[in-house]
Amino acid sequence: MNILVTGGAGFIGSNFVYYMLREHPDYRIVCIDKLTYAGNLETLEEALKNPNFAFVKADIADREAVYALFEKEGFDVVVNFAAESHVDRSIETPELFLSTNVMGTQVLLDASRKYGVKRYHQVSTDEVYGDLPLDRKDLFFTETTPIHTSSPYSASKAAADLLVLAYHRTYKLPVTISRCSNNYGPYHFPEKLIPLVISRALADEPLPIYGKGENVRDWLFVEDHCSAIDLIIHKGRVGEVYNIGGHNEKTNLEVVKEILKQLGKPESLITYVTDRPGHDMRYAIDPTKIVTELGWKPAHDFESGIKYTVQWYLDNRKWWENIVNGEYKNYYEKMYSGR
Ligand code: NAD
Ligand code: TYD
């Protein structure tokens, strides 16, 4: 099997590359990545030593480059992780989100049609469903929950999902879509809540919490997301959407306090800052479909996953210190100063 993994130098894509090389040592995995600020070739250092892995630096929206790669490789399966993924950045520069998340997806769909892949899998997000109220713990996102987006990021992901389903209906392209809740784990870029809090707390720097810190996210350890996608591309039904989540709902304050406890750092580092515009209140996934239909089960709960993650950041300081001491410094200043 020859699999194209797009965005494999980012957080979830790189974890998926390692997962697949380990679980399917006979597969060939080719990664295409534009290496934006979020892509890091250092993350793939070990994978690059594996003869079954290849890396190509290119933009998924570059039709010529994408077609040439499909022509050369004859992929069986495409798994599209490549995206602009940060909500706060989408509020600053929505255009970039449309060109990668929507137009890039379209190029990959066209290439998949033209060169006849057996499966095109779109990695989507629970954010396409919008948010749930905090006082209705009985409500969850199912695959039939209406699309109702809040940010340019989620709107671009929803647009891509609709295109993917349209290519199935109109051209019979064999597609699947997964919509996962918030991930955490190794190689998570430190602009996102969990790695941001770990890296800043270790430097005894203030931790910016939006609003009152009451927003709820449903956290899944990244490897459990990878195992779900592996199942879907092998056993998932064509044309279907699968929600992925492990019922690990936490308020942002609960998450931050747990990390501080593990690091032995004081809660006085918590600093409340101006809320994110359009901030979604609560995400919560109902994973019944993938659990009952494909037999997926997450292997990690939040307690074990967050312990592992904090330890990973302690053991791999060089990886994230290179990031936080580089260009990212300017981003942090721009996004958070005067907030
Ligand atoms: P990330 O920002 O860490 O990585 C994105 C990767 O895509 C980077 O390596 C970047 O260089 C690459 N990329 C960006 N634009 C590109 C382009 N035009 N062409 C080629 N490569 C490009 O993101 P992530 O957190 O790993 O998310 C991966 C996917 O999973 C995204 O599609 C995201 O919407 C989805 N998702 C993420 C989460 C989460 O919690 N992080 C949850 C559900 C779904
Ligand atoms: P984030 O990691 O950006 O993921 P998403 O917005 O896609 O869920 O944010 C997770 C939660 O943490 C979200 O409710 C926003 C909040 N947050 C903060 O309070 N402070 C921060 O500096 C960041 C980046 C996020």
# chains A, B, ... in the order shown; residues from 1 in each chain; ligands from 1
>>> select_by_dssp(residues="stretch 20-212 of chain A", states="alpha helix (DSSP H)", output="PyMOL selection string")
chain A and resi 20-23+63-73+87-92+94-97+105-114+152-171+193-202
>>> select_by_dssp(residues="stretch 127-216 of chain A", states="strand (DSSP E or B)", output="list of chain:residue names")
A:Leu132, A:Phe141, A:Val175, A:Thr176, A:Ile177, A:Ser178, A:Arg179, A:Cys180, A:Asn183, A:Tyr184, A:Leu207, A:Pro208, A:Ile209, A:Tyr210, A:Val216
>>> atom_distance(atom1="atom CA of A:Tyr331", atom2="atom CA of A:Lys34")
19.4 Å
>>> residues_near_ligand(ligand="ligand 1", cutoff="7 Å", atoms="only C-alpha atoms and all ligand atoms", output="PyMOL selection string")
chain A and resi 6-13+32-40+58-61+80-86+100+104+123-126+157+179-184+188-189
>>> residues_near_ligand(ligand="ligand 2", cutoff="10 Å", atoms="only C-alpha atoms and all ligand atoms", output="NGL selection string")
:A and (85-89 or 125-127 or 151 or 153-154 or 181-184 or 188-197 or 207-219 or 250-253 or 255-256 or 270-276 or 279-283 or 332 or 335-336)
>>> residues_around(residues="stretch 54-56 of chain A", least_positions_apart="3", cutoff="9 Å", atoms="only C-alpha atoms", output="PDB file with all heavy atoms, in the first residue's frame")
ATOM      1  N   GLY A   8       2.373  16.208   6.962  1.00  0.00           N
ATOM      2  CA  GLY A   8       3.021  15.247   7.872  1.00  0.00           C
ATOM      3  C   GLY A   8       4.180  15.809   8.674  1.00  0.00           C
ATOM      4  O   GLY A   8       4.754  15.110   9.508  1.00  0.00           O
ATOM      5  N   ARG A  28       4.391   1.918   2.104  1.00  0.00           N
ATOM      6  CA  ARG A  28       5.205   3.087   1.766  1.00  0.00           C
ATOM      7  C   ARG A  28       4.404   4.342   2.158  1.00  0.00           C
ATOM      8  O   ARG A  28       3.214   4.459   1.837  1.00  0.00           O
ATOM      9  CB  ARG A  28       5.495   3.095   0.265  1.00  0.00           C
ATOM     10  CG  ARG A  28       6.220   4.352  -0.218  1.00  0.00           C
ATOM     11  CD  ARG A  28       6.654   4.193  -1.681  1.00  0.00           C
ATOM     12  NE  ARG A  28       7.072   5.456  -2.268  1.00  0.00           N
ATOM     13  CZ  ARG A  28       8.246   6.035  -2.063  1.00  0.00           C
ATOM     14  NH1 ARG A  28       9.129   5.455  -1.258  1.00  0.00           N
ATOM     15  NH2 ARG A  28       8.557   7.172  -2.640  1.00  0.00           N
ATOM     16  N   ILE A  29       5.062   5.251   2.862  1.00  0.00           N
ATOM     17  CA  ILE A  29       4.405   6.489   3.287  1.00  0.00           C
ATOM     18  C   ILE A  29       5.166   7.667   2.666  1.00  0.00           C
ATOM     19  O   ILE A  29       6.373   7.813   2.879  1.00  0.00           O
ATOM     20  CB  ILE A  29       4.440   6.657   4.835  1.00  0.00           C
ATOM     21  CG1 ILE A  29       3.920   5.410   5.564  1.00  0.00           C
ATOM     22  CG2 ILE A  29       3.696   7.923   5.259  1.00  0.00           C
ATOM     23  CD1 ILE A  29       2.442   5.192   5.502  1.00  0.00           C
ATOM     24  N   VAL A  30       4.437   8.475   1.901  1.00  0.00           N
ATOM     25  CA  VAL A  30       5.044   9.673   1.316  1.00  0.00           C
ATOM     26  C   VAL A  30       4.377  10.884   1.957  1.00  0.00           C
ATOM     27  O   VAL A  30       3.142  10.968   2.009  1.00  0.00           O
ATOM     28  CB  VAL A  30       4.847   9.713  -0.218  1.00  0.00           C
ATOM     29  CG1 VAL A  30       5.442  10.994  -0.805  1.00  0.00           C
ATOM     30  CG2 VAL A  30       5.475   8.480  -0.874  1.00  0.00           C
ATOM     31  N   CYS A  31       5.205  11.813   2.446  1.00  0.00           N
ATOM     32  CA  CYS A  31       4.656  13.015   3.079  1.00  0.00           C
ATOM     33  C   CYS A  31       4.887  14.220   2.184  1.00  0.00           C
ATOM     34  O   CYS A  31       5.999  14.432   1.707  1.00  0.00           O
ATOM     35  CB  CYS A  31       5.338  13.229   4.429  1.00  0.00           C
ATOM     36  SG  CYS A  31       5.072  14.871   5.111  1.00  0.00           S
ATOM     37  N   ILE A  32       3.833  14.989   1.947  1.00  0.00           N
ATOM     38  CA  ILE A  32       3.996  16.271   1.266  1.00  0.00           C
ATOM     39  C   ILE A  32       3.651  17.356   2.281  1.00  0.00           C
ATOM     40  O   ILE A  32       2.636  17.259   2.991  1.00  0.00           O
ATOM     41  CB  ILE A  32       3.125  16.350  -0.010  1.00  0.00           C
ATOM     42  CG1 ILE A  32       3.235  17.722  -0.668  1.00  0.00           C
ATOM     43  CG2 ILE A  32       1.704  16.062   0.219  1.00  0.00           C
ATOM     44  CD1 ILE A  32       2.438  17.802  -1.973  1.00  0.00           C
ATOM     45  N   ASP A  33       4.522  18.365   2.382  1.00  0.00           N
ATOM     46  CA  ASP A  33       4.287  19.433   3.355  1.00  0.00           C
ATOM     47  C   ASP A  33       4.960  20.705   2.834  1.00  0.00           C
ATOM     48  O   ASP A  33       6.058  20.658   2.294  1.00  0.00           O
ATOM     49  CB  ASP A  33       4.873  19.045   4.721  1.00  0.00           C
ATOM     50  CG  ASP A  33       4.312  19.889   5.853  1.00  0.00           C
ATOM     51  OD1 ASP A  33       4.545  21.134   5.854  1.00  0.00           O
ATOM     52  OD2 ASP A  33       3.656  19.329   6.749  1.00  0.00           O
ATOM     53  N   LYS A  34       4.272  21.823   3.009  1.00  0.00           N
ATOM     54  CA  LYS A  34       4.791  23.118   2.549  1.00  0.00           C
ATOM     55  C   LYS A  34       5.832  23.674   3.522  1.00  0.00           C
ATOM     56  O   LYS A  34       6.528  24.627   3.209  1.00  0.00           O
ATOM     57  CB  LYS A  34       3.600  24.082   2.435  1.00  0.00           C
ATOM     58  CG  LYS A  34       3.885  25.423   1.846  1.00  0.00           C
ATOM     59  CD  LYS A  34       2.579  26.254   1.840  1.00  0.00           C
ATOM     60  CE  LYS A  34       2.829  27.685   1.411  1.00  0.00           C
ATOM     61  NZ  LYS A  34       1.590  28.484   1.517  1.00  0.00           N
ATOM     62  N   LEU A  44      10.485  14.943  11.738  1.00  0.00           N
ATOM     63  CA  LEU A  44      10.485  13.727  10.908  1.00  0.00           C
ATOM     64  C   LEU A  44      11.880  13.100  10.788  1.00  0.00           C
ATOM     65  O   LEU A  44      12.070  12.180   9.990  1.00  0.00           O
ATOM     66  CB  LEU A  44       9.926  14.052   9.514  1.00  0.00           C
ATOM     67  CG  LEU A  44       8.432  14.410   9.476  1.00  0.00           C
ATOM     68  CD1 LEU A  44       8.023  14.854   8.085  1.00  0.00           C
ATOM     69  CD2 LEU A  44       7.578  13.210   9.912  1.00  0.00           C
ATOM     70  N   ALA A  47      11.891   9.345  10.979  1.00  0.00           N
ATOM     71  CA  ALA A  47      11.156   8.754   9.853  1.00  0.00           C
ATOM     72  C   ALA A  47      12.008   8.781   8.591  1.00  0.00           C
ATOM     73  O   ALA A  47      11.990   7.838   7.782  1.00  0.00           O
ATOM     74  CB  ALA A  47       9.851   9.508   9.622  1.00  0.00           C
ATOM     75  N   LEU A  48      12.776   9.869   8.434  1.00  0.00           N
ATOM     76  CA  LEU A  48      13.580  10.028   7.211  1.00  0.00           C
ATOM     77  C   LEU A  48      14.656   8.946   7.082  1.00  0.00           C
ATOM     78  O   LEU A  48      15.178   8.712   5.993  1.00  0.00           O
ATOM     79  CB  LEU A  48      14.201  11.425   7.165  1.00  0.00           C
ATOM     80  CG  LEU A  48      13.191  12.534   6.814  1.00  0.00           C
ATOM     81  CD1 LEU A  48      13.705  13.906   7.203  1.00  0.00           C
ATOM     82  CD2 LEU A  48      12.831  12.490   5.325  1.00  0.00           C
ATOM     83  N   ASN A  50      13.967   5.859   7.552  1.00  0.00           N
ATOM     84  CA  ASN A  50      13.256   4.638   7.145  1.00  0.00           C
ATOM     85  C   ASN A  50      13.123   4.601   5.613  1.00  0.00           C
ATOM     86  O   ASN A  50      12.590   5.533   5.012  1.00  0.00           O
ATOM     87  CB  ASN A  50      11.865   4.648   7.805  1.00  0.00           C
ATOM     88  CG  ASN A  50      11.117   3.357   7.611  1.00  0.00           C
ATOM     89  OD1 ASN A  50      11.187   2.736   6.543  1.00  0.00           O
ATOM     90  ND2 ASN A  50      10.406   2.940   8.642  1.00  0.00           N
ATOM     91  N   PRO A  51      13.599   3.517   4.956  1.00  0.00           N
ATOM     92  CA  PRO A  51      13.535   3.468   3.486  1.00  0.00           C
ATOM     93  C   PRO A  51      12.102   3.463   2.942  1.00  0.00           C
ATOM     94  O   PRO A  51      11.890   3.763   1.764  1.00  0.00           O
ATOM     95  CB  PRO A  51      14.247   2.156   3.137  1.00  0.00           C
ATOM     96  CG  PRO A  51      14.325   1.377   4.408  1.00  0.00           C
ATOM     97  CD  PRO A  51      14.261   2.347   5.542  1.00  0.00           C
ATOM     98  N   LEU A  69       3.442  14.481  -8.512  1.00  0.00           N
ATOM     99  CA  LEU A  69       3.693  13.499  -7.448  1.00  0.00           C
ATOM    100  C   LEU A  69       2.736  12.297  -7.557  1.00  0.00           C
ATOM    101  O   LEU A  69       3.142  11.142  -7.422  1.00  0.00           O
ATOM    102  CB  LEU A  69       3.548  14.187  -6.081  1.00  0.00           C
ATOM    103  CG  LEU A  69       3.917  13.333  -4.878  1.00  0.00           C
ATOM    104  CD1 LEU A  69       5.410  12.992  -4.885  1.00  0.00           C
ATOM    105  CD2 LEU A  69       3.569  14.047  -3.573  1.00  0.00           C
TER     106      LEU A  69
END
>>> residues_around(residues="A:Ala201", least_positions_apart="6", cutoff="9 Å", atoms="only C-alpha atoms", output="list in words")
Leu207, Ile259, Leu260, Leu263, Lys265, Pro266 and Leu269 of chain A
>>> residues_around(residues="stretch 287-293 of chain A", least_positions_apart="4", cutoff="10 Å", atoms="only C-alpha atoms", output="PyMOL selection string")
chain A and resi 140-143+178-180+228+231-232+235-237+241-247+297-298
>>> atom_distance(atom1="atom CA of A:Asp131", atom2="atom CA of A:Pro146")
10.9 Å
>>> closest_residue(among="A:Ala299, A:Ile306, A:Ile323, A:Leu202", to="A:Gly264", atoms="only C-alpha atoms")
A:Leu202
>>> closest_residue(among="A:Arg136, A:Ser199, A:Phe16, A:Thr93", to="A:Gln311", atoms="only C-alpha atoms")
A:Ser199
>>> closest_residue(among="A:Glu92, A:Pro186, A:Ala203, A:Leu132", to="A:Trp312", atoms="only C-alpha atoms")
A:Pro186
>>> decode(residues="stretch 142-157 of chain A", atoms="all heavy atoms", output="tab-separated table (two decimals), in the first residue's frame")
chain	number	residue	atom	x	y	z
A	142	THR	N	-23.11	14.74	17.06
A	142	THR	CA	-23.13	13.48	16.31
A	142	THR	C	-22.84	13.82	14.85
A	142	THR	O	-22.77	15.00	14.49
A	142	THR	CB	-24.51	12.78	16.38
A	142	THR	OG1	-25.43	13.55	15.59
A	142	THR	CG2	-25.01	12.66	17.80
A	143	GLU	N	-22.72	12.82	14.00
A	143	GLU	CA	-22.40	13.06	12.59
A	143	GLU	C	-23.53	13.79	11.88
A	143	GLU	O	-23.33	14.33	10.79
A	143	GLU	CB	-22.10	11.74	11.87
A	143	GLU	CG	-20.78	11.07	12.29
A	143	GLU	CD	-20.85	10.31	13.60
A	143	GLU	OE1	-21.94	10.28	14.22
A	143	GLU	OE2	-19.81	9.74	14.01
A	144	THR	N	-24.73	13.80	12.48
A	144	THR	CA	-25.85	14.49	11.82
A	144	THR	C	-26.12	15.88	12.42
A	144	THR	O	-27.05	16.57	11.99
A	144	THR	CB	-27.14	13.65	11.89
A	144	THR	OG1	-27.39	13.35	13.26
A	144	THR	CG2	-27.02	12.37	11.10
A	145	THR	N	-25.32	16.29	13.38
A	145	THR	CA	-25.45	17.65	13.91
A	145	THR	C	-25.20	18.63	12.76
A	145	THR	O	-24.23	18.45	12.01
A	145	THR	CB	-24.40	17.89	15.03
A	145	THR	OG1	-24.65	16.97	16.09
A	145	THR	CG2	-24.46	19.32	15.57
A	146	PRO	N	-26.04	19.65	12.61
A	146	PRO	CA	-25.83	20.59	11.49
A	146	PRO	C	-24.49	21.33	11.58
A	146	PRO	O	-24.02	21.63	12.68
A	146	PRO	CB	-26.99	21.58	11.63
A	146	PRO	CG	-27.99	20.91	12.49
A	146	PRO	CD	-27.24	19.97	13.39
A	147	ILE	N	-23.90	21.59	10.41
A	147	ILE	CA	-22.68	22.40	10.33
A	147	ILE	C	-23.07	23.83	10.74
A	147	ILE	O	-24.06	24.37	10.24
A	147	ILE	CB	-22.18	22.41	8.87
A	147	ILE	CG1	-21.86	20.99	8.38
A	147	ILE	CG2	-21.01	23.36	8.69
A	147	ILE	CD1	-20.61	20.40	8.91
A	148	HIS	N	-22.28	24.42	11.64
A	148	HIS	CA	-22.66	25.73	12.18
A	148	HIS	C	-21.39	26.39	12.70
A	148	HIS	O	-21.12	26.39	13.89
A	148	HIS	CB	-23.67	25.51	13.31
A	148	HIS	CG	-24.23	26.77	13.86
A	148	HIS	ND1	-25.19	27.50	13.20
A	148	HIS	CD2	-23.99	27.46	15.00
A	148	HIS	CE1	-25.51	28.56	13.92
A	148	HIS	NE2	-24.78	28.56	15.01
A	149	THR	N	-20.58	26.96	11.78
A	149	THR	CA	-19.22	27.33	12.16
A	149	THR	C	-19.12	28.72	12.79
A	149	THR	O	-19.96	29.58	12.54
A	149	THR	CB	-18.30	27.28	10.93
A	149	THR	OG1	-18.87	28.12	9.92
A	149	THR	CG2	-18.20	25.88	10.39
A	150	SER	N	-18.05	28.91	13.58
A	150	SER	CA	-17.87	30.18	14.30
A	150	SER	C	-16.69	30.99	13.80
A	150	SER	O	-16.73	32.21	13.84
A	150	SER	CB	-17.62	29.90	15.79
A	150	SER	OG	-18.55	28.99	16.29
A	151	SER	N	-15.59	30.35	13.41
A	151	SER	CA	-14.35	31.07	13.09
A	151	SER	C	-14.02	30.87	11.61
A	151	SER	O	-14.50	29.91	10.99
A	151	SER	CB	-13.20	30.52	13.93
A	151	SER	OG	-12.88	29.21	13.51
A	152	PRO	N	-13.19	31.74	11.03
A	152	PRO	CA	-12.73	31.49	9.66
A	152	PRO	C	-12.08	30.11	9.54
A	152	PRO	O	-12.21	29.44	8.50
A	152	PRO	CB	-11.74	32.62	9.39
A	152	PRO	CG	-12.20	33.73	10.29
A	152	PRO	CD	-12.73	33.05	11.54
A	153	TYR	N	-11.37	29.67	10.58
A	153	TYR	CA	-10.78	28.32	10.53
A	153	TYR	C	-11.86	27.26	10.36
A	153	TYR	O	-11.81	26.45	9.42
A	153	TYR	CB	-9.97	28.05	11.82
A	153	TYR	CG	-9.68	26.58	12.04
A	153	TYR	CD1	-8.82	25.88	11.20
A	153	TYR	CD2	-10.28	25.87	13.10
A	153	TYR	CE1	-8.56	24.53	11.38
A	153	TYR	CE2	-10.03	24.52	13.29
A	153	TYR	CZ	-9.17	23.85	12.44
A	153	TYR	OH	-8.93	22.51	12.62
A	154	SER	N	-12.86	27.26	11.26
A	154	SER	CA	-13.86	26.19	11.17
A	154	SER	C	-14.69	26.31	9.91
A	154	SER	O	-15.09	25.30	9.31
A	154	SER	CB	-14.73	26.15	12.43
A	154	SER	OG	-15.35	27.39	12.67
A	155	ALA	N	-14.91	27.55	9.45
A	155	ALA	CA	-15.68	27.73	8.21
A	155	ALA	C	-14.91	27.13	7.02
A	155	ALA	O	-15.50	26.49	6.14
A	155	ALA	CB	-15.95	29.21	7.97
A	156	SER	N	-13.58	27.31	7.02
A	156	SER	CA	-12.79	26.77	5.90
A	156	SER	C	-12.77	25.23	5.96
A	156	SER	O	-12.81	24.57	4.93
A	156	SER	CB	-11.36	27.34	5.91
A	156	SER	OG	-10.63	26.85	7.02
A	157	LYS	N	-12.73	24.68	7.16
A	157	LYS	CA	-12.74	23.21	7.29
A	157	LYS	C	-14.10	22.65	6.85
A	157	LYS	O	-14.19	21.61	6.20
A	157	LYS	CB	-12.43	22.78	8.73
A	157	LYS	CG	-11.02	23.07	9.21
A	157	LYS	CD	-9.94	22.31	8.46
A	157	LYS	CE	-9.93	20.83	8.75
A	157	LYS	NZ	-8.80	20.15	8.06
